[in-house]
$ cat entry_8.cif   # mmCIF, C-alpha atoms
data_model
#
loop_
_atom_site.label_atom_id
_atom_site.label_comp_id
_atom_site.auth_asym_id
_atom_site.auth_seq_id
_atom_site.Cartn_x
_atom_site.Cartn_y
_atom_site.Cartn_z
CA MET A 11 -97.24 -45.94 10.17
CA THR A 12 -99.87 -45.65 12.85
CA TRP A 13 -97.55 -47.45 15.28
CA LEU A 14 -94.84 -44.89 14.54
CA SER A 15 -97.28 -42.03 15.23
CA ILE A 16 -98.29 -43.64 18.51
CA ILE A 17 -94.68 -43.98 19.58
CA ILE A 18 -93.95 -40.35 18.72
CA ALA A 19 -97.11 -39.26 20.56
CA GLY A 20 -96.00 -41.40 23.51
CA ILE A 21 -92.53 -39.86 23.62
CA LEU A 22 -94.07 -36.40 23.37
CA THR A 23 -96.47 -37.21 26.23
CA TYR A 24 -93.65 -38.62 28.34
CA PHE A 25 -91.69 -35.39 27.84
CA THR A 26 -94.65 -33.34 29.08
CA ARG A 27 -94.59 -35.44 32.26
CA MET A 28 -90.83 -35.56 32.74
CA THR A 29 -89.56 -32.13 31.72
CA MET A 30 -90.49 -30.08 34.76
CA ILE A 31 -89.72 -32.84 37.25
CA ALA A 32 -86.36 -34.01 35.96
CA LEU A 33 -84.93 -31.04 34.11
CA VAL A 34 -86.12 -27.98 36.02
CA ASP A 35 -84.49 -27.10 39.30
CA ARG A 36 -87.06 -25.80 41.74
CA ASP A 37 -84.69 -22.98 42.70
CA MET A 38 -85.06 -21.66 39.18
CA LEU A 39 -88.65 -20.80 40.04
CA GLY A 40 -89.05 -17.66 42.12
CA GLU A 41 -91.46 -17.10 45.02
CA LYS A 42 -93.96 -15.39 42.72
CA ILE A 43 -94.08 -18.38 40.40
CA LYS A 44 -94.52 -20.74 43.34
CA ALA A 45 -97.45 -18.66 44.61
CA VAL A 46 -99.10 -18.92 41.19
CA LEU A 47 -98.44 -22.68 40.94
CA ALA A 48 -100.65 -23.18 44.00
CA TYR A 49 -103.55 -22.36 41.66
CA VAL A 50 -102.74 -25.07 39.08
CA PRO A 51 -105.60 -27.46 40.03
CA SER A 52 -108.10 -24.58 40.04
CA ALA A 53 -106.80 -23.40 36.66
CA VAL A 54 -106.55 -26.75 34.84
CA PHE A 55 -109.49 -28.87 35.99
CA PRO A 56 -112.29 -26.41 35.10
CA ALA A 57 -110.92 -26.52 31.53
CA ILE A 58 -111.79 -30.24 31.58
CA ILE A 59 -115.04 -29.88 33.56
CA PHE A 60 -116.72 -27.03 31.67
CA PRO A 61 -116.54 -28.45 28.12
CA ALA A 62 -117.51 -31.91 29.42
CA ILE A 63 -120.70 -30.44 30.88
CA PHE A 64 -121.67 -27.54 28.63
CA ILE A 65 -120.64 -28.87 25.21
CA ASN A 66 -122.24 -32.02 23.77
CA ASP A 67 -120.75 -34.73 21.55
CA TYR A 68 -121.52 -32.67 18.45
CA GLY A 69 -119.52 -29.66 19.63
CA THR A 70 -122.49 -27.40 20.34
CA TYR A 71 -123.67 -25.85 23.61
CA ILE A 72 -126.25 -27.77 25.61
CA GLU A 73 -129.62 -26.33 26.64
CA ILE A 74 -129.91 -24.64 30.03
CA ASN A 75 -132.28 -27.41 31.21
CA ASP A 76 -129.85 -30.22 30.30
CA PRO A 77 -129.71 -32.95 32.98
CA LYS A 78 -125.91 -32.66 33.11
CA ILE A 79 -126.21 -29.17 34.61
CA PHE A 80 -128.56 -30.47 37.30
CA GLY A 81 -126.24 -33.42 38.00
CA ALA A 82 -123.22 -31.13 38.28
CA ILE A 83 -124.99 -28.78 40.72
CA VAL A 84 -126.05 -31.71 42.93
CA ALA A 85 -122.48 -33.08 42.83
CA ILE A 86 -121.02 -29.70 43.82
CA ILE A 87 -123.40 -29.35 46.78
CA VAL A 88 -122.92 -32.94 47.98
CA GLY A 89 -119.15 -32.77 47.43
CA TYR A 90 -118.83 -29.47 49.25
CA PHE A 91 -120.54 -30.71 52.40
CA SER A 92 -119.57 -34.40 52.39
CA LYS A 93 -115.91 -33.90 51.38
CA ASN A 94 -116.24 -37.38 49.90
CA VAL A 95 -115.23 -38.27 46.35
CA ILE A 96 -117.51 -41.32 46.01
CA ALA A 97 -120.52 -39.38 47.31
CA THR A 98 -119.76 -36.55 44.88
CA ILE A 99 -119.56 -38.80 41.82
CA PHE A 100 -122.55 -40.97 42.78
CA SER A 101 -124.83 -38.07 43.68
CA GLY A 102 -124.05 -36.44 40.35
CA LEU A 103 -124.65 -39.61 38.36
CA ILE A 104 -127.82 -40.61 40.22
CA SER A 105 -129.42 -37.19 39.89
CA TYR A 106 -128.49 -37.22 36.19
CA TRP A 107 -130.01 -40.70 35.74
CA PHE A 108 -133.06 -39.65 37.72
CA ILE A 109 -133.81 -36.99 35.13
CA ILE A 110 -132.95 -38.91 31.95
CA PHE A 111 -134.71 -42.14 32.96
CA LEU A 112 -137.67 -40.99 35.04
CA LEU A 113 -138.57 -37.51 33.91
CA VAL A 114 -137.81 -37.42 30.20
CA MET B 24 -92.50 -40.58 59.88
CA LEU B 25 -94.59 -42.90 57.71
CA SER B 26 -93.03 -45.98 56.12
CA LYS B 27 -92.73 -46.36 52.36
CA LYS B 28 -95.36 -49.06 52.40
CA LYS B 29 -97.83 -46.91 54.38
CA LEU B 30 -97.35 -43.99 52.02
CA PHE B 31 -97.82 -46.23 48.99
CA THR B 32 -101.02 -47.68 50.47
CA LYS B 33 -102.27 -44.22 51.40
CA GLY B 34 -101.74 -43.14 47.80
CA MET B 35 -103.69 -46.14 46.53
CA LEU B 36 -106.57 -45.46 48.92
CA ASP B 37 -106.63 -41.72 48.19
CA VAL B 38 -107.02 -42.22 44.45
CA ALA B 39 -109.24 -45.34 44.61
CA PRO B 40 -112.61 -43.46 44.60
CA HIS B 41 -111.70 -41.93 41.25
CA MET B 42 -111.73 -45.41 39.71
CA LEU B 43 -115.53 -44.93 39.59
CA SER B 44 -114.95 -42.68 36.60
CA VAL B 45 -111.58 -43.96 35.34
CA ILE B 46 -112.71 -47.57 34.80
CA PRO B 47 -115.89 -46.86 32.76
CA PHE B 48 -113.95 -44.26 30.77
CA GLY B 49 -111.19 -46.79 30.06
CA ILE B 50 -113.73 -49.35 28.87
CA ILE B 51 -115.32 -46.76 26.59
CA CYS B 52 -111.88 -45.75 25.24
CA GLY B 53 -110.96 -49.33 24.41
CA ALA B 54 -114.31 -50.08 22.83
CA ILE B 55 -114.34 -46.91 20.70
CA GLY B 56 -110.88 -47.70 19.33
CA VAL B 57 -112.02 -51.10 18.07
CA GLU B 58 -115.36 -49.71 16.82
CA LEU B 59 -113.45 -47.16 14.76
CA GLY B 60 -111.81 -50.09 13.00
CA PHE B 61 -108.32 -50.00 14.49
CA ASP B 62 -106.18 -53.06 15.20
CA PRO B 63 -106.89 -54.14 18.81
CA TYR B 64 -103.16 -54.45 19.55
CA LEU B 65 -102.68 -50.90 18.41
CA VAL B 66 -105.55 -49.61 20.54
CA TYR B 67 -104.12 -51.36 23.58
CA GLY B 68 -100.54 -50.35 22.78
CA MET B 69 -101.60 -46.73 23.28
CA SER B 70 -102.57 -47.43 26.88
CA ILE B 71 -98.96 -48.36 27.61
CA ILE B 72 -97.13 -46.04 25.25
CA ILE B 73 -99.21 -42.88 25.67
CA PHE B 74 -101.14 -43.69 28.87
CA GLY B 75 -103.37 -40.63 28.64
CA GLY B 76 -107.15 -41.12 28.62
CA ALA B 77 -108.72 -38.38 26.54
CA SER B 78 -105.70 -38.00 24.26
CA GLN B 79 -105.93 -41.66 23.18
CA ILE B 80 -109.55 -41.25 22.04
CA VAL B 81 -108.81 -37.98 20.26
CA PHE B 82 -105.83 -39.53 18.46
CA LEU B 83 -107.91 -42.40 17.03
CA GLN B 84 -110.90 -40.21 16.22
CA LEU B 85 -108.72 -37.78 14.29
CA LEU B 86 -107.02 -40.54 12.29
CA SER B 87 -110.28 -42.30 11.48
CA GLY B 88 -111.76 -38.95 10.45
CA GLY B 89 -109.02 -38.63 7.85
CA ALA B 90 -106.68 -36.23 9.67
CA SER B 91 -102.94 -36.57 9.03
CA SER B 92 -100.65 -38.27 11.53
CA LEU B 93 -99.01 -34.92 12.16
CA VAL B 94 -102.31 -33.40 13.26
CA ALA B 95 -103.10 -36.41 15.47
CA VAL B 96 -99.68 -36.43 17.13
CA THR B 97 -99.71 -32.66 17.65
CA SER B 98 -103.14 -32.86 19.27
CA VAL B 99 -101.93 -35.54 21.69
CA GLY B 100 -98.97 -33.33 22.60
CA VAL B 101 -101.20 -30.31 23.16
CA ILE B 102 -103.79 -32.19 25.23
CA ASN B 103 -101.08 -33.67 27.42
CA SER B 104 -99.10 -30.44 27.75
CA ARG B 105 -101.03 -29.80 30.99
CA HIS B 106 -98.66 -32.31 32.60
CA LEU B 107 -96.00 -29.59 32.38
CA LEU B 108 -97.99 -27.66 34.97
CA TYR B 109 -98.40 -30.74 37.18
CA GLY B 110 -94.65 -31.38 36.95
CA ALA B 111 -93.86 -27.80 37.94
CA VAL B 112 -96.04 -28.19 41.04
CA LEU B 113 -94.68 -31.62 41.97
CA SER B 114 -91.01 -30.77 41.39
CA GLU B 115 -90.85 -29.09 44.81
CA TYR B 116 -91.61 -32.39 46.52
CA LEU B 117 -89.53 -34.60 44.26
CA GLU B 118 -86.35 -32.56 44.05
CA LYS B 119 -84.36 -34.81 46.38
CA LEU B 120 -84.87 -37.87 44.20
CA SER B 121 -82.08 -39.12 41.94
CA PHE B 122 -82.31 -38.27 38.25
CA ILE B 123 -83.18 -41.88 37.35
CA LYS B 124 -85.98 -42.03 39.91
CA LYS B 125 -87.34 -38.74 38.57
CA LEU B 126 -87.34 -40.21 35.06
CA LEU B 127 -89.19 -43.33 36.21
CA ILE B 128 -91.77 -41.64 38.41
CA SER B 129 -92.63 -39.17 35.64
CA TYR B 130 -94.28 -41.92 33.58
CA LEU B 131 -96.92 -42.34 36.28
CA ILE B 132 -98.15 -38.74 36.45
CA VAL B 133 -101.85 -38.50 35.58
CA ASP B 134 -104.56 -35.95 36.45
CA GLN B 135 -106.20 -37.69 39.40
CA GLY B 136 -102.92 -39.00 40.80
CA PHE B 137 -101.36 -35.55 40.61
CA ALA B 138 -104.41 -34.01 42.28
CA GLU B 139 -104.61 -36.45 45.19
CA SER B 140 -100.85 -36.67 45.79
CA ASN B 141 -100.51 -32.89 45.61
CA LYS B 142 -103.21 -32.56 48.29
CA PHE B 143 -101.36 -35.06 50.47
CA PHE B 144 -97.97 -33.40 49.88
CA LYS B 145 -99.25 -29.99 50.92
CA LYS B 146 -100.30 -31.37 54.31
CA ASN B 147 -97.28 -33.65 54.88
CA LYS B 148 -94.30 -31.68 53.59
CA SER B 149 -91.88 -33.14 56.13
CA GLU B 150 -92.33 -36.82 55.21
CA GLN B 151 -89.12 -38.36 53.89
CA TYR B 152 -90.54 -40.81 51.36
CA LEU B 153 -93.33 -38.60 49.99
CA HIS B 154 -92.83 -39.90 46.45
CA TYR B 155 -94.21 -43.30 47.50
CA HIS B 156 -97.62 -41.66 47.75
CA LEU B 157 -97.30 -40.56 44.13
CA ILE B 158 -96.20 -44.06 43.11
CA GLY B 159 -99.28 -45.41 44.95
CA THR B 160 -101.72 -43.12 43.11
CA GLY B 161 -99.92 -43.56 39.79
CA ALA B 162 -99.64 -47.35 39.96
CA THR B 163 -103.32 -47.69 40.90
CA LEU B 164 -104.37 -45.53 37.96
CA TRP B 165 -102.00 -47.35 35.61
CA ILE B 166 -103.22 -50.84 36.53
CA CYS B 167 -106.91 -49.88 36.40
CA TRP B 168 -106.40 -48.09 33.09
CA GLN B 169 -104.73 -51.16 31.56
CA ILE B 170 -107.45 -53.51 32.77
CA ALA B 171 -110.27 -51.15 31.76
CA THR B 172 -109.04 -50.37 28.24
CA LEU B 173 -108.19 -54.03 27.67
CA SER B 174 -111.69 -55.15 28.72
CA GLY B 175 -113.22 -52.51 26.44
CA ILE B 176 -111.13 -53.82 23.55
CA VAL B 177 -111.89 -57.49 24.19
CA LEU B 178 -115.51 -57.32 25.29
CA GLY B 179 -116.64 -54.23 23.40
CA SER B 180 -118.66 -51.51 25.06
CA PHE B 181 -120.49 -53.59 27.66
CA VAL B 182 -121.22 -50.39 29.55
CA PRO B 183 -124.63 -49.34 28.19
CA ASP B 184 -124.42 -46.11 26.22
CA GLU B 185 -127.67 -44.86 27.76
CA LEU B 186 -126.05 -44.56 31.18
CA GLY B 187 -123.98 -41.66 29.85
CA LEU B 188 -121.03 -42.68 32.01
CA LYS B 189 -118.78 -40.20 30.25
CA PHE B 190 -120.46 -37.74 32.62
CA ALA B 191 -118.46 -39.33 35.48
CA ILE B 192 -115.33 -37.62 34.13
CA PRO B 193 -116.35 -34.02 34.95
CA LEU B 194 -117.78 -35.31 38.25
CA THR B 195 -114.43 -36.80 39.27
CA PHE B 196 -112.75 -33.45 38.65
CA ILE B 197 -115.51 -31.59 40.48
CA ALA B 198 -114.77 -33.83 43.48
CA ILE B 199 -111.11 -32.81 43.27
CA ILE B 200 -111.58 -29.03 43.34
CA VAL B 201 -114.90 -28.63 45.16
CA GLN B 202 -113.31 -27.83 48.53
CA ASP B 203 -111.45 -24.90 47.00
CA LEU B 204 -114.82 -23.23 46.36
CA LYS B 205 -114.40 -21.94 49.94
CA LYS B 206 -111.71 -19.57 48.71
CA ILE B 207 -112.88 -16.66 46.60
CA ASP B 208 -109.52 -16.32 44.81
CA HIS B 209 -109.73 -19.95 43.70
CA VAL B 210 -113.34 -19.50 42.59
CA ILE B 211 -112.30 -16.60 40.35
CA VAL B 212 -109.46 -18.66 38.84
CA MET B 213 -111.84 -21.60 38.24
CA LEU B 214 -114.44 -19.42 36.53
CA VAL B 215 -111.80 -17.80 34.32
CA GLY B 216 -110.32 -21.21 33.38
CA GLY B 217 -113.71 -22.76 32.74
CA THR B 218 -115.13 -19.85 30.75
CA SER B 219 -111.96 -19.61 28.65
CA SER B 220 -112.21 -23.29 27.82
CA LEU B 221 -115.70 -22.72 26.39
CA ILE B 222 -114.55 -19.65 24.44
CA PHE B 223 -111.50 -21.37 22.95
CA PHE B 224 -113.10 -24.80 22.56
CA ASN B 225 -112.91 -24.68 18.78
CA ALA B 226 -109.26 -23.61 18.62
CA PRO B 227 -107.20 -26.05 16.52
CA PHE B 228 -105.37 -29.04 18.07
CA LYS B 229 -107.50 -28.89 21.25
CA LEU B 230 -105.40 -25.89 22.29
CA TYR B 231 -108.14 -24.82 24.74
CA ILE B 232 -106.82 -27.38 27.21
CA ILE B 233 -103.63 -25.40 27.71
CA ILE B 234 -104.70 -21.86 26.70
CA SER B 235 -107.42 -21.67 29.37
CA PRO B 236 -105.24 -22.74 32.33
CA ILE B 237 -102.60 -20.23 31.23
CA ILE B 238 -105.17 -17.42 31.14
CA ALA B 239 -106.46 -18.56 34.53
CA LEU B 240 -102.93 -18.63 35.96
CA LEU B 241 -102.26 -15.10 34.67
CA ILE B 242 -105.34 -14.00 36.63
CA ALA B 243 -104.01 -15.99 39.60
CA GLY B 244 -100.77 -14.03 39.29
CA LEU B 245 -102.68 -10.76 39.45
CA ILE B 246 -104.64 -11.99 42.45
CA SER B 247 -101.56 -13.08 44.37
CA ARG B 248 -100.04 -9.65 43.74
CA PHE B 249 -103.10 -8.01 45.32
CA LYS B 250 -103.06 -10.38 48.25
CA ARG B 251 -99.60 -9.26 49.30
#
$ encode --input "entry_8.cif" --output "structure tokens"
Amino acid sequence: MTWLSIIIAGILTYFTRMTMIALVDRDMLGEKIKAVLAYVPSAVFPAIIFPAIFINDYGTYIEINDPKIFGAIVAIIVGYFSKNVIATIFSGLISYWFIIFLLV
Amino acid sequence: MLSKKKLFTKGMLDVAPHMLSVIPFGIICGAIGVELGFDPYLVYGMSIIIFGGASQIVFLQLLSGGASSLVAVTSVGVINSRHLLYGAVLSEYLEKLSFIKKLLISYLIVDQGFAESNKFFKKNKSEQYLHYHLIGTGATLWICWQIATLSGIVLGSFVPDELGLKFAIPLTFIAIIVQDLKKIDHVIVMLVGGTSSLIFFNAPFKLYIIISPIIALLIAGLISRFKR
């Protein structure tokens, strides 16, 4: 039963990946739509980032002094200037660890 | 003109830094599945059949919490519906491919691979074998995801909980969009998408993951009208 659910979920997921690529002709999308699609990364990724930072495992908002906020700010600053993915992730993690292990 | 092999390698290298967050997350996903009491084969089967990080965890958590299969499957569909947006963006660069190739390449589309390949495509529109970059990012993510979830299943959560490595996930996505903070229109779209996700976080079936980008894209539509 669980296997069946996984297979259905897998087919569903595959369709979300395949539909626009295989079944939609780009010419069907007008210039206006194309202009809006340029914003897809800026529209989608914050919807992953914000809850992962501001909402904890129990579904409630974190405190304003939570180390994750500090880590995220450091990562944004380092990422902005370094343009380097590894530096962005590491700076965020290290500043987060710095607070949870050394200060708390 | 870059060769297929060069484009494939470039794709692998472009997405490689994100493995810093993908691998720990995969280990955690595999370990959680087993901890929740599911058959290890089943937990691993999801990595091949669904191949979608967060949705795999949510699926198992819902089932173990007593939710019906229908709810679990629907939630996976909703969480992964964001791929529709990625596909719409990528279709421009993949339109010359045969139908079969489009069907095959679709399986490999994941957040970080989409993000890095899309960045590369924007700068190299004229390349003939662009899709090899996407295969490079996708294959790298696929292989690392399989190895990571499998090690989590077999070895358990050997990544110490105290490290809070789940925090690497938002960091990886920050790294992807941080350069767009230079553009005020993108900043507005990000703030709208992010704030909406907090407002709609408790909507059923994890709907916030698709509602918030749609709201943000509506705002983007308004902005692009003003810009003209």
$ resolve_selection --input "entry_8.cif" --expression "the PyMOL selection byres ((chain A and resi 26) around 8)" --output "list in words"
Leu22, Thr23, Tyr24, Phe25, Arg27, Met28, Thr29 and Met30 of chain A; Gly100, Asn103, Ser104, Arg105, His106 and Leu107 of chain B
$ write_last_selection --input "entry_8.cif" --atoms "C-alpha atoms" --output "mmCIF file, in the frame of the given file"
data_model
loop_
_atom_site.group_PDB
_atom_site.id
_atom_site.type_symbol
_atom_site.label_atom_id
_atom_site.label_comp_id
_atom_site.auth_asym_id
_atom_site.auth_seq_id
_atom_site.Cartn_x
_atom_site.Cartn_y
_atom_site.Cartn_z
ATOM 1 C CA LEU A 22 -94.070 -36.400 23.370
ATOM 2 C CA THR A 23 -96.470 -37.210 26.230
ATOM 3 C CA TYR A 24 -93.650 -38.620 28.340
ATOM 4 C CA PHE A 25 -91.690 -35.390 27.840
ATOM 5 C CA ARG A 27 -94.590 -35.440 32.260
ATOM 6 C CA MET A 28 -90.830 -35.560 32.740
ATOM 7 C CA THR A 29 -89.560 -32.130 31.720
ATOM 8 C CA MET A 30 -90.490 -30.080 34.760
ATOM 9 C CA GLY B 100 -98.970 -33.330 22.600
ATOM 10 C CA ASN B 103 -101.080 -33.670 27.420
ATOM 11 C CA SER B 104 -99.100 -30.440 27.750
ATOM 12 C CA ARG B 105 -101.030 -29.800 30.990
ATOM 13 C CA HIS B 106 -98.660 -32.310 32.600
ATOM 14 C CA LEU B 107 -96.000 -29.590 32.380
#
$ interface_residues --input "entry_8.cif" --of "chain B" --to "chain A" --cutoff "7 Å" --atoms "all atoms listed in the file" --output "PyMOL selection string"
chain B and resi 40+65+69+72-73+92+96+99-100+103-104+106-108+110-115+122+125-126+129-130+132+191+193-198+200-202+209+212-213+216-217+220-221+232+235-236+239-240+243-244+247
$ write_last_selection --input "entry_8.cif" --atoms "C-alpha atoms" --output "short mmCIF file (atom, residue, chain, number, x, y, z; two decimals), keeping the file's coordinate frame"
data_model
loop_
_atom_site.label_atom_id
_atom_site.label_comp_id
_atom_site.auth_asym_id
_atom_site.auth_seq_id
_atom_site.Cartn_x
_atom_site.Cartn_y
_atom_site.Cartn_z
CA PRO B 40 -112.61 -43.46 44.60
CA LEU B 65 -102.68 -50.90 18.41
CA MET B 69 -101.60 -46.73 23.28
CA ILE B 72 -97.13 -46.04 25.25
CA ILE B 73 -99.21 -42.88 25.67
CA SER B 92 -100.65 -38.27 11.53
CA VAL B 96 -99.68 -36.43 17.13
CA VAL B 99 -101.93 -35.54 21.69
CA GLY B 100 -98.97 -33.33 22.60
CA ASN B 103 -101.08 -33.67 27.42
CA SER B 104 -99.10 -30.44 27.75
CA HIS B 106 -98.66 -32.31 32.60
CA LEU B 107 -96.00 -29.59 32.38
CA LEU B 108 -97.99 -27.66 34.97
CA GLY B 110 -94.65 -31.38 36.95
CA ALA B 111 -93.86 -27.80 37.94
CA VAL B 112 -96.04 -28.19 41.04
CA LEU B 113 -94.68 -31.62 41.97
CA SER B 114 -91.01 -30.77 41.39
CA GLU B 115 -90.85 -29.09 44.81
CA PHE B 122 -82.31 -38.27 38.25
CA LYS B 125 -87.34 -38.74 38.57
CA LEU B 126 -87.34 -40.21 35.06
CA SER B 129 -92.63 -39.17 35.64
CA TYR B 130 -94.28 -41.92 33.58
CA ILE B 132 -98.15 -38.74 36.45
CA ALA B 191 -118.46 -39.33 35.48
CA PRO B 193 -116.35 -34.02 34.95
CA LEU B 194 -117.78 -35.31 38.25
CA THR B 195 -114.43 -36.80 39.27
CA PHE B 196 -112.75 -33.45 38.65
CA ILE B 197 -115.51 -31.59 40.48
CA ALA B 198 -114.77 -33.83 43.48
CA ILE B 200 -111.58 -29.03 43.34
CA VAL B 201 -114.90 -28.63 45.16
CA GLN B 202 -113.31 -27.83 48.53
CA HIS B 209 -109.73 -19.95 43.70
CA VAL B 212 -109.46 -18.66 38.84
CA MET B 213 -111.84 -21.60 38.24
CA GLY B 216 -110.32 -21.21 33.38
CA GLY B 217 -113.71 -22.76 32.74
CA SER B 220 -112.21 -23.29 27.82
CA LEU B 221 -115.70 -22.72 26.39
CA ILE B 232 -106.82 -27.38 27.21
CA SER B 235 -107.42 -21.67 29.37
CA PRO B 236 -105.24 -22.74 32.33
CA ALA B 239 -106.46 -18.56 34.53
CA LEU B 240 -102.93 -18.63 35.96
CA ALA B 243 -104.01 -15.99 39.60
CA GLY B 244 -100.77 -14.03 39.29
CA SER B 247 -101.56 -13.08 44.37
#
$ atom_distance --input "entry_8.cif" --atom1 "CA of Tyr68 in chain A" --atom2 "CA of Ile55 in chain B"
16.1 Å
$ atom_distance --input "entry_8.cif" --atom1 "CA of Leu30 in chain B" --atom2 "CA of Asn147 in chain B"
10.7 Å
$ atom_distance --input "entry_8.cif" --atom1 "CA of Leu188 in chain B" --atom2 "CA of Tyr64 in chain B"
24.8 Å
$ residues_near_point --input "entry_8.cif" --point "(-103.2, -50.3, 29.4)" --cutoff "10 Å" --atoms "all atoms listed in the file" --output "mmCIF file with C-alpha atoms, in the frame of the given file"
data_model
loop_
_atom_site.group_PDB
_atom_site.id
_atom_site.type_symbol
_atom_site.label_atom_id
_atom_site.label_comp_id
_atom_site.auth_asym_id
_atom_site.auth_seq_id
_atom_site.Cartn_x
_atom_site.Cartn_y
_atom_site.Cartn_z
ATOM 1 C CA GLY B 49 -111.190 -46.790 30.060
ATOM 2 C CA GLY B 53 -110.960 -49.330 24.410
ATOM 3 C CA VAL B 66 -105.550 -49.610 20.540
ATOM 4 C CA TYR B 67 -104.120 -51.360 23.580
ATOM 5 C CA GLY B 68 -100.540 -50.350 22.780
ATOM 6 C CA MET B 69 -101.600 -46.730 23.280
ATOM 7 C CA SER B 70 -102.570 -47.430 26.880
ATOM 8 C CA ILE B 71 -98.960 -48.360 27.610
ATOM 9 C CA ILE B 72 -97.130 -46.040 25.250
ATOM 10 C CA ILE B 73 -99.210 -42.880 25.670
ATOM 11 C CA PHE B 74 -101.140 -43.690 28.870
ATOM 12 C CA GLY B 75 -103.370 -40.630 28.640
ATOM 13 C CA LEU B 164 -104.370 -45.530 37.960
ATOM 14 C CA TRP B 165 -102.000 -47.350 35.610
ATOM 15 C CA ILE B 166 -103.220 -50.840 36.530
ATOM 16 C CA CYS B 167 -106.910 -49.880 36.400
ATOM 17 C CA TRP B 168 -106.400 -48.090 33.090
ATOM 18 C CA GLN B 169 -104.730 -51.160 31.560
ATOM 19 C CA ILE B 170 -107.450 -53.510 32.770
ATOM 20 C CA ALA B 171 -110.270 -51.150 31.760
ATOM 21 C CA THR B 172 -109.040 -50.370 28.240
ATOM 22 C CA LEU B 173 -108.190 -54.030 27.670
ATOM 23 C CA SER B 174 -111.690 -55.150 28.720
#
$ axis_aligned_box --input "entry_8.cif" --around "range 65-74 of chain A" --padding-each-side "4 Å" --output "JSON"
{"center_x": -124.7, "center_y": -29.7, "center_z": 24.2, "size_x": 18.4, "size_y": 18.1, "size_z": 19.6}
$ closest_residue --input "entry_8.cif" --among "B:Ile242, B:Ile199, B:Val215, B:Leu120" --to "Ala138 in chain B" --atoms "all atoms listed in the file"
B:Ile199
